[in-house]
>>> print(open('query_13.cif').read())   # mmCIF, C-alpha atoms
data_entry
#
loop_
_atom_site.label_atom_id
_atom_site.label_comp_id
_atom_site.auth_asym_id
_atom_site.auth_seq_id
_atom_site.Cartn_x
_atom_site.Cartn_y
_atom_site.Cartn_z
CA PRO A 16 93.72 79.34 104.36
CA SER A 17 97.23 79.32 105.80
CA LEU A 18 97.45 83.12 105.86
CA ILE A 19 94.35 83.37 108.04
CA ARG A 20 95.73 80.71 110.40
CA ALA A 21 99.03 82.59 110.57
CA PHE A 22 97.13 85.76 111.41
CA GLU A 23 95.25 83.92 114.15
CA GLN A 24 98.38 82.37 115.65
CA THR A 25 100.23 85.69 115.65
CA ALA A 26 97.32 87.70 117.07
CA THR A 27 96.71 85.25 119.92
CA GLN A 28 100.29 85.72 121.09
CA TYR A 29 99.15 89.21 122.08
CA SER A 30 95.55 88.48 123.08
CA ARG A 31 95.70 84.96 124.41
CA GLU A 32 92.98 82.40 123.68
CA ASN A 33 90.86 84.89 121.75
CA ASN A 34 91.08 82.82 118.60
CA LEU A 35 87.72 83.52 117.01
CA PRO A 36 87.93 87.32 117.47
CA ALA A 37 91.46 87.19 116.04
CA ILE A 38 90.21 85.36 112.95
CA MET A 39 87.35 87.85 112.60
CA GLY A 40 89.92 90.63 112.83
CA TYR A 41 91.40 89.32 109.59
CA PHE A 42 88.01 89.06 107.87
CA ASN A 43 87.05 92.54 109.07
CA ILE A 44 90.20 94.12 107.62
CA MET A 45 90.20 92.13 104.40
CA GLY A 46 86.48 92.50 103.79
CA SER A 47 86.90 96.26 104.06
CA LEU A 48 89.89 96.41 101.71
CA LEU A 49 88.19 94.21 99.08
CA GLN A 50 84.81 95.97 99.16
CA ASP A 51 85.45 97.99 95.99
CA TYR A 52 86.61 94.94 94.01
CA ILE A 53 84.13 92.20 94.99
CA GLU A 54 80.34 92.28 95.11
CA ILE A 55 78.46 89.12 96.07
CA PRO A 56 75.40 88.51 93.84
CA VAL A 57 72.18 87.33 95.48
CA GLY A 58 69.70 86.84 92.67
CA GLN A 59 68.41 90.30 91.73
CA THR A 60 70.26 91.92 94.63
CA SER A 61 73.74 91.74 96.15
CA ILE A 62 75.73 92.18 99.36
CA ASP A 63 79.11 93.78 99.96
CA THR A 64 82.12 92.10 101.57
CA ARG A 65 82.24 94.14 104.78
CA CYS A 66 82.24 92.04 107.97
CA HIS A 67 80.77 93.87 110.95
CA PHE A 68 81.76 92.11 114.16
CA VAL A 69 80.67 92.77 117.75
CA TRP A 70 82.69 91.03 120.47
CA ILE A 71 80.83 90.84 123.80
CA GLN A 72 83.03 89.26 126.45
CA THR A 73 83.97 89.44 130.12
CA ALA A 74 85.91 92.60 131.01
CA ARG A 75 89.72 92.61 131.01
CA THR A 76 90.14 89.50 128.87
CA GLY A 77 92.08 90.84 125.89
CA LYS A 78 89.63 92.82 123.76
CA THR A 79 91.49 96.12 123.84
CA THR A 80 94.85 94.33 123.53
CA LEU A 81 93.81 92.66 120.27
CA ILE A 82 92.43 95.91 118.85
CA ASP A 83 95.24 98.26 119.91
CA TYR A 84 98.29 96.00 119.53
CA VAL A 85 97.34 93.96 116.46
CA LEU A 86 94.33 95.08 114.42
CA LYS A 87 94.77 98.85 114.37
CA PRO A 88 98.52 98.84 113.60
CA VAL A 89 98.19 96.19 110.87
CA ALA A 90 95.18 97.92 109.27
CA THR A 91 96.85 101.33 109.47
CA LYS A 92 100.05 100.07 107.82
CA LEU A 93 98.07 98.30 105.10
CA ILE A 94 96.22 101.51 104.30
CA GLU A 95 99.45 103.47 104.18
CA GLU A 96 100.94 101.05 101.66
CA LEU A 97 97.82 100.42 99.57
CA ASN A 98 96.09 103.80 99.85
CA PRO A 99 92.89 102.34 98.35
CA THR A 100 91.17 105.75 98.47
CA ASP A 101 92.14 109.17 99.75
CA GLU A 102 89.27 109.02 102.24
CA TYR A 103 90.10 105.61 103.71
CA ARG A 104 90.67 105.95 107.45
CA ILE A 105 90.98 104.07 110.71
CA VAL A 106 88.88 105.68 113.44
CA SER A 107 88.16 105.13 117.12
CA LEU A 108 85.29 107.26 118.35
CA ASP A 109 84.63 108.12 121.99
CA ASP A 110 81.49 110.15 121.30
CA TYR A 111 78.48 108.01 120.43
CA THR A 112 75.83 110.70 119.99
CA THR A 113 73.67 110.63 116.89
CA ALA A 114 75.14 114.01 115.87
CA SER A 115 78.71 112.72 116.03
CA LEU A 116 77.91 109.60 114.00
CA ALA A 117 75.51 111.07 111.45
CA GLY A 118 76.90 114.60 111.19
CA SER A 119 75.24 117.90 112.04
CA HIS A 120 74.68 121.54 111.07
CA LYS A 121 75.24 124.75 113.01
CA GLU A 122 73.55 128.04 112.12
CA ASN A 123 75.91 130.71 110.77
CA VAL A 124 75.06 133.89 112.69
CA LYS A 125 77.03 135.93 110.13
CA TYR A 126 75.08 134.60 107.17
CA ASP A 127 74.26 137.22 104.54
CA PRO A 128 71.91 136.14 101.73
CA ALA A 129 73.45 138.87 99.53
CA ALA A 130 77.03 137.64 100.15
CA GLU A 131 77.59 136.24 96.66
CA GLN A 132 76.18 139.29 94.89
CA GLN A 133 78.30 141.61 97.04
CA TRP A 134 81.44 139.55 96.42
CA VAL A 135 80.95 139.62 92.65
CA ALA A 136 80.57 143.41 92.79
CA GLU A 137 83.62 143.77 95.06
CA GLN A 138 85.78 141.70 92.70
CA ALA A 139 84.76 143.90 89.77
CA ARG A 140 85.53 147.05 91.80
CA LEU A 141 89.00 145.83 92.81
CA ILE A 142 89.88 144.80 89.26
CA ARG A 143 88.79 148.21 87.95
CA LEU A 144 90.85 150.06 90.59
CA ARG A 145 93.91 147.95 89.79
CA ASP A 146 93.56 148.30 86.03
CA GLU A 147 93.12 152.08 86.30
CA GLY A 148 96.21 152.36 88.49
CA GLU A 149 94.40 153.60 91.57
CA ILE A 150 95.78 150.73 93.69
CA GLU A 151 99.01 148.75 93.31
CA GLU A 152 99.13 145.00 92.79
CA GLY A 153 100.14 144.32 96.39
CA GLN A 154 97.23 146.36 97.76
CA TYR A 155 94.89 144.67 95.31
CA GLU A 156 95.92 141.22 96.60
CA ILE A 157 95.44 142.28 100.22
CA GLN A 158 91.97 143.68 99.64
CA TYR A 159 90.99 140.72 97.46
CA ALA A 160 92.02 138.27 100.20
CA ARG A 161 90.00 140.21 102.79
CA GLY A 162 86.94 140.27 100.55
CA GLU A 163 87.20 136.58 99.84
CA GLU A 164 87.55 135.79 103.54
CA LYS A 165 84.41 137.81 104.30
CA TYR A 166 82.53 136.03 101.53
CA GLU A 167 83.50 132.59 102.88
CA ARG A 168 82.33 133.60 106.37
CA THR A 169 78.94 134.88 105.25
CA LYS A 170 77.87 132.85 102.20
CA ASP A 171 76.48 129.76 103.96
CA GLU A 172 73.40 129.77 106.16
CA TYR A 173 74.66 126.70 108.03
CA PHE A 174 78.07 125.21 108.75
CA GLU A 175 78.18 121.47 108.09
CA PHE A 176 80.04 119.15 110.43
CA PRO A 177 80.38 115.82 108.60
CA SER A 178 80.50 112.51 110.43
CA GLN A 179 83.88 110.91 111.08
CA LEU A 180 82.31 107.82 109.50
CA GLU A 181 81.79 109.50 106.13
CA GLY A 182 83.59 107.62 103.36
CA ASN A 183 85.63 104.43 103.70
CA GLY A 184 87.56 102.81 106.50
CA ILE A 185 87.39 100.69 109.64
CA TRP A 186 85.80 101.80 112.88
CA TYR A 187 87.33 100.10 115.92
CA ALA A 188 84.54 100.69 118.42
CA ASP A 189 86.17 99.63 121.66
CA GLU A 190 84.15 100.41 124.79
CA PHE A 191 81.02 99.84 122.68
CA GLU A 192 78.92 99.71 125.83
CA GLY A 193 78.90 103.52 125.61
CA SER A 194 77.13 103.47 122.25
CA GLY A 195 73.66 103.53 123.75
CA ILE A 196 72.39 100.48 121.88
CA PHE A 197 72.17 98.55 125.15
CA THR A 198 70.93 101.39 127.37
CA PRO A 199 69.31 104.46 125.74
CA ARG A 200 71.02 107.76 126.55
CA THR A 201 70.42 111.42 125.85
CA HIS A 202 71.25 112.53 122.28
CA ASN A 203 71.54 109.00 120.86
CA ASP A 204 67.91 107.96 120.46
CA ASN A 205 68.44 107.12 116.76
CA ILE A 206 71.77 105.37 117.21
CA ASN A 207 70.32 101.95 116.29
CA ILE A 208 68.89 103.28 113.04
CA VAL A 209 72.18 104.99 112.14
CA LEU A 210 74.20 101.81 112.71
CA GLN A 211 71.73 99.51 110.98
CA THR A 212 71.67 101.79 107.94
CA LEU A 213 75.47 102.07 107.85
CA MET A 214 75.73 98.26 107.66
CA ASN A 215 73.38 97.96 104.66
CA ASN A 216 74.77 97.16 101.19
CA PHE A 217 76.46 100.30 99.89
CA HIS A 218 76.55 99.05 96.29
CA VAL A 219 72.86 99.97 95.97
CA GLY A 220 73.01 103.04 98.23
CA ALA A 221 71.10 101.36 101.07
CA ASN A 222 73.81 102.50 103.51
CA LYS A 223 72.91 106.19 103.25
CA TYR A 224 71.35 107.70 106.35
CA ASN A 225 69.39 110.93 105.95
CA LYS A 226 69.12 113.00 109.11
CA VAL A 227 66.21 115.41 108.71
CA LEU A 228 66.55 118.61 110.77
CA THR A 229 63.57 120.93 111.08
CA GLY A 230 64.28 124.17 109.24
CA LYS A 231 67.76 123.03 108.26
CA PRO A 232 69.26 121.12 105.30
CA THR A 233 69.11 117.34 105.48
CA VAL A 234 72.38 115.73 106.61
CA THR A 235 73.27 112.65 104.53
CA LEU A 236 75.77 110.13 105.87
CA ASP A 237 77.28 107.92 103.15
CA SER A 238 79.43 105.55 105.20
CA ARG A 239 81.19 102.48 103.86
CA PHE A 240 83.00 101.79 107.10
CA SER A 241 83.42 98.31 108.55
CA ILE A 242 82.82 97.97 112.29
CA PHE A 243 84.82 95.92 114.79
CA ALA A 244 83.19 96.53 118.18
CA GLY A 245 84.14 95.32 121.63
CA THR A 246 82.38 95.53 124.98
CA TYR A 247 82.02 93.74 128.29
CA ILE A 248 78.74 91.88 128.78
CA PRO A 249 76.22 94.66 129.50
CA GLN A 250 73.05 94.52 131.51
CA LYS A 251 69.86 94.11 129.49
CA LEU A 252 71.72 92.36 126.67
CA ASP A 253 68.70 90.08 126.21
CA ASP A 254 66.45 93.11 125.72
CA THR A 255 68.80 94.49 123.05
CA ILE A 256 68.90 91.18 121.17
CA ILE A 257 65.15 90.66 121.32
CA GLY A 258 63.84 94.18 120.89
CA LYS A 259 66.17 96.32 118.80
CA GLY A 260 67.33 94.28 115.80
CA ILE A 261 70.83 95.77 115.82
CA MET A 262 72.60 92.56 116.86
CA GLN A 263 71.11 90.81 113.85
CA ARG A 264 73.12 93.11 111.55
CA PHE A 265 76.46 92.27 113.16
CA LEU A 266 78.15 88.91 113.37
CA PRO A 267 77.99 88.76 117.19
CA TYR A 268 80.29 86.76 119.47
CA ILE A 269 79.18 86.54 123.10
CA TYR A 270 81.38 84.76 125.61
CA GLU A 271 81.39 84.84 129.39
CA VAL A 272 84.90 83.69 130.26
CA PRO A 273 84.92 80.85 132.84
CA ARG A 274 86.54 81.54 136.19
CA ASP A 275 89.31 78.95 135.72
CA ARG A 276 90.34 80.53 132.42
CA LEU A 277 90.37 83.98 134.01
CA THR A 278 92.67 82.62 136.73
CA ASP A 279 95.03 81.10 134.13
CA GLN A 280 95.12 84.37 132.17
CA ARG A 281 95.96 86.39 135.25
CA ASN A 282 98.60 83.92 136.37
CA ASN A 283 100.24 84.31 132.95
CA LEU A 284 100.02 88.09 133.33
CA ALA A 285 101.54 87.98 136.80
CA SER A 286 104.49 85.87 135.61
CA SER A 287 105.13 88.14 132.60
CA PHE A 288 105.94 91.29 134.59
CA GLY A 289 109.62 92.18 134.29
CA THR A 290 110.14 89.97 131.22
CA ARG A 291 110.92 91.02 127.64
CA THR A 292 110.21 89.16 124.40
CA GLU A 293 112.74 89.14 121.59
CA ILE A 294 110.22 90.60 119.15
CA ARG A 295 108.35 93.67 120.36
CA GLY A 296 105.80 96.00 118.84
CA PRO A 297 102.86 95.22 116.52
CA PRO A 298 103.04 92.22 114.14
CA LEU A 299 103.65 94.21 110.96
CA GLN A 300 105.06 91.11 109.26
CA LEU A 301 101.40 90.31 108.50
CA VAL A 302 101.08 93.37 106.28
CA GLU A 303 102.96 92.16 103.20
CA PRO A 304 101.04 88.90 102.62
CA MET A 305 97.73 90.67 103.26
CA LYS A 306 98.67 93.44 100.86
CA ASN A 307 99.44 90.77 98.26
CA VAL A 308 95.86 89.46 98.56
CA VAL A 309 94.40 92.90 97.90
CA LEU A 310 96.68 93.53 94.92
CA LYS A 311 95.92 90.12 93.38
CA VAL A 312 92.18 90.68 93.78
CA LYS A 313 92.53 94.15 92.22
CA GLU A 314 94.40 92.56 89.31
CA ARG A 315 91.58 90.02 88.89
CA PHE A 316 89.02 92.86 89.07
CA GLU A 317 90.75 94.56 86.16
CA GLN A 318 90.92 91.28 84.20
CA VAL A 319 87.11 90.92 84.31
CA GLY A 320 86.59 94.47 83.12
CA GLY A 321 85.73 95.94 86.50
CA ASP A 322 82.68 93.72 87.04
CA ARG A 323 82.73 93.11 90.80
CA GLU A 324 80.26 90.22 90.62
CA TYR A 325 82.57 88.19 88.35
CA VAL A 326 85.79 88.51 90.32
CA ILE A 327 84.83 85.31 92.16
CA THR A 328 82.17 82.95 90.81
CA TYR A 329 80.31 80.13 92.55
CA SER A 330 80.72 76.46 91.75
CA GLU A 331 77.60 74.28 91.98
CA TYR A 332 79.22 72.44 94.90
CA ALA A 333 79.64 75.68 96.85
CA SER A 334 75.99 76.57 96.34
CA ALA A 335 74.92 73.09 97.47
CA GLU A 336 77.11 73.36 100.56
CA ILE A 337 75.50 76.67 101.53
CA VAL A 338 72.07 75.04 101.30
CA ARG A 339 73.33 72.13 103.42
CA MET A 340 74.71 74.47 106.07
CA TYR A 341 71.41 76.32 106.25
CA GLY A 342 69.77 72.95 106.88
CA GLN A 343 72.13 72.48 109.82
CA ILE A 344 71.11 75.88 111.18
CA GLN A 345 67.45 74.93 110.90
CA ASP A 346 68.08 71.60 112.65
CA TYR A 347 69.85 73.41 115.47
CA VAL A 348 67.08 75.96 115.90
CA SER A 349 64.35 73.30 115.82
CA ASN A 350 65.87 71.62 118.88
CA LEU A 351 65.81 74.79 120.98
CA PRO A 352 63.01 75.73 123.38
CA PRO A 353 60.36 77.65 121.41
CA HIS A 354 60.97 81.02 123.11
CA ILE A 355 64.71 80.78 122.40
CA ALA A 356 64.20 79.41 118.87
CA GLU A 357 62.07 82.44 118.02
CA VAL A 358 64.94 84.79 118.90
CA VAL A 359 67.71 82.72 117.32
CA SER A 360 65.75 82.41 114.07
CA THR A 361 66.00 86.19 113.62
CA PHE A 362 69.73 85.70 112.99
CA GLU A 363 69.30 83.16 110.18
CA ALA A 364 69.34 85.54 107.21
CA ASN A 365 72.37 87.36 108.59
CA LEU A 366 74.22 84.08 109.21
CA LEU A 367 73.62 83.09 105.58
CA GLU A 368 75.09 86.40 104.44
CA TYR A 369 78.15 85.94 106.63
CA ILE A 370 78.68 82.35 105.51
CA ASN A 371 78.99 83.77 102.00
CA LYS A 372 81.15 86.75 102.98
CA LEU A 373 83.64 84.64 104.93
CA ALA A 374 83.73 82.03 102.16
CA ILE A 375 84.38 84.67 99.49
CA ILE A 376 87.19 86.28 101.49
CA SER A 377 88.71 82.83 102.15
CA CYS A 378 88.52 82.09 98.43
CA ALA A 379 90.21 85.39 97.59
CA THR A 380 92.95 84.68 100.13
CA ASN A 381 93.56 81.19 98.72
CA ASN A 382 93.59 82.25 95.10
CA ALA A 383 95.89 85.20 95.71
CA ASN A 384 98.49 82.74 96.97
CA SER A 385 97.90 80.09 94.31
CA THR A 386 100.18 79.48 91.34
CA VAL A 387 97.09 78.45 89.34
CA PRO A 388 94.22 80.60 90.64
CA THR A 389 90.69 79.70 89.52
CA TRP A 390 88.84 82.47 91.36
CA ARG A 391 86.01 80.00 91.91
CA LEU A 392 84.22 79.46 95.20
CA THR A 393 84.28 75.80 96.19
CA LYS A 394 82.77 73.62 98.88
CA THR A 395 86.04 73.84 100.82
CA HIS A 396 85.81 77.61 101.14
CA VAL A 397 82.25 77.36 102.45
#
>>> encode(input="query_13.cif", output="structure tokens")
Amino acid sequence: PSLIRAFEQTATQYSRENNLPAIMGYFNIMGSLLQDYIEIPVGQTSIDTRCHFVWIQTARTGKTTLIDYVLKPVATKLIEELNPTDEYRIVSLDDYTTASLAGSHKENVKYDPAAEQQWVAEQARLIRLRDEGEIEEGQYEIQYARGEEKYERTKDEYFEFPSQLEGNGIWYADEFEGSGIFTPRTHNDNINIVLQTLMNNFHVGANKYNKVLTGKPTVTLDSRFSIFAGTYIPQKLDDTIIGKGIMQRFLPYIYEVPRDRLTDQRNNLASSFGTRTEIRGPPLQLVEPMKNVVLKVKERFEQVGGDREYVITYSEYASAEIVRMYGQIQDYVSNLPPHIAEVVSTFEANLLEYINKLAIISCATNNANSTVPTWRLTKTHV
């Protein structure tokens, strides 16, 4: 669609030659904003529209530039104007411990199991004193506020610290090498399980992660966040791909930038010092056409009575094209050395999901800008 190409062309003016990550930046934002309006049926099950992308590329080649100068500002402005939910947020987390991602509890040393009973009795006492004229209204309010404050301090056995990923939004996980999924670190031994669970289909509740704490209440993380992660190429990447299963949940893009391209990029950087472009700041001109897509899809959602699975329907040609593309994947894998084919084949199911997600979002983008929308997935979208 022309809007996606325009997004790509604009984004690569900031982060040069990073075309595929720029395109995925669009799908990541749009998939997140459409997640409450579109559900993709898969027989007896379904998948949501979120596109989780991990960008693994040579250091200092534009990852942070794309995230900070294009994706974050555009997504933030879209949320401000659309306000899809009160809890929808853009986050960038520096702390990758399991506690920070899943949430945690802290024991309340002032906990009093009789707090509620005492507060009920104190309220009755204060009301009686006020009604009998023993204390004035102003004194009543002061003592009531003090009693209520004490009750709030003592009523809970544990204080809950919810995850910043609770609810809806986009997580821009720059510096993702610190997550611990490549190299295990203290306090993040379950990080892979947390992330894999978060990326499951939230329409059926498969995204909920329950953190069981001995002697404490269970912490439940219900996250509908989309992830856009960036990192340099870490050591032991092969071990992560083969042994942990986390990469198979993302749509991964791994690129070691050739030396000649690095030289060209740095020559361009060197020549740009001291210059000024006519247009400065983030490309917020992308916000209005993207907002239009979301509003048109929402309108379609309401037309079909709120049935997310009927907002966009599949044509027989689209279904046939998906089968054909899977055949191409199988042909590609069959020509690889057996030890590589075994690893690559673990990505097949995820690739099929993403073929459908990207096609659906492309279809939504096209139809939102059509004078005669059909809201039907075609071979062209696939």
>>> resolve_selection(input="query_13.cif", expression="the PyMOL selection byres ((chain A and resi 316) around 12)", output="list of chain:residue names")
A:Leu49, A:Gln50, A:Asp51, A:Tyr52, A:Ile53, A:Glu54, A:Val309, A:Leu310, A:Lys311, A:Val312, A:Lys313, A:Glu314, A:Arg315, A:Glu317, A:Gln318, A:Val319, A:Gly320, A:Gly321, A:Asp322, A:Arg323, A:Glu324, A:Tyr325, A:Val326, A:Ile327, A:Ala379, A:Trp390
>>> resolve_selection(input="query_13.cif", expression="the PyMOL selection byres ((chain A and resi 18) around 10)", output="VMD selection string")
chain A and resid 16 to 17 19 to 24 41 301 304 to 305 308 377 380 to 381 384
>>> residues_around(input="query_13.cif", residues="Ile242 (chain A)", least_positions_apart="3", cutoff="12 Å", atoms="all atoms listed in the file", output="ChimeraX atom specification")
/A:39-40,42-44,46-47,65-70,82,105-108,180,183-189,191,210-211,213-214,238-239,245,264-267
>>> atom_distance(input="query_13.cif", atom1="CA of Lys125 (chain A)", atom2="CA of Arg168 (chain A)")
6.9 Å
>>> resolve_selection(input="query_13.cif", expression="the PyMOL selection byres ((chain A and resi 253) around 12)", output="PyMOL selection string")
chain A and resi 196-198+248-252+254-260+262+269+355+358-359
>>> closest_residue(input="query_13.cif", among="A:Ala37, A:Leu228, A:Leu141, A:Val302", to="Glu156 (chain A)", atoms="all atoms listed in the file")
A:Leu141
>>> closest_residue(input="query_13.cif", among="A:Thr393, A:Thr292, A:Thr64, A:Gln28", to="Ser334 (chain A)", atoms="only C-alpha atoms")
A:Thr393
>>> atom_distance(input="query_13.cif", atom1="CA of Asn365 (chain A)", atom2="CA of Ala221 (chain A)")
15.9 Å
>>> closest_residue(input="query_13.cif", among="A:Asn98, A:Gln72, A:Thr395, A:Asn34", to="Ala335 (chain A)", atoms="only C-alpha atoms")
A:Thr395
>>> residues_around(input="query_13.cif", residues="Met340 (chain A)", least_positions_apart="5", cutoff="10 Å", atoms="all atoms listed in the file", output="list in words")
Ala335, Gln345, Asp346, Leu367, Ile370 and Val397 of chain A
>>> atom_distance(input="query_13.cif", atom1="CA of Ile208 (chain A)", atom2="CA of Thr60 (chain A)")
21.7 Å
>>> closest_residue(input="query_13.cif", among="A:Thr169, A:Ser119, A:Thr233, A:Thr246", to="Ala74 (chain A)", atoms="all atoms listed in the file")
A:Thr246
>>> residues_around(input="query_13.cif", residues="region 278-285 of chain A", least_positions_apart="5", cutoff="9 Å", atoms="all atoms listed in the file", output="JSON list (two decimals) with C-alpha atoms, keeping the file's coordinate frame")
[["chain", "number", "residue", "atom", "x", "y", "z"],
["A", 31, "ARG", "CA", 95.70, 84.96, 124.41],
["A", 32, "GLU", "CA", 92.98, 82.40, 123.68],
["A", 76, "THR", "CA", 90.14, 89.50, 128.87],
["A", 273, "PRO", "CA", 84.92, 80.85, 132.84]]
>>> closest_residue(input="query_13.cif", among="A:Ser349, A:Gln343, A:Asn123, A:Asn33", to="Glu175 (chain A)", atoms="only C-alpha atoms")
A:Asn123
>>> closest_residue(input="query_13.cif", among="A:Ser178, A:Thr389, A:Thr91, A:Gln263", to="Tyr369 (chain A)", atoms="only C-alpha atoms")
A:Gln263
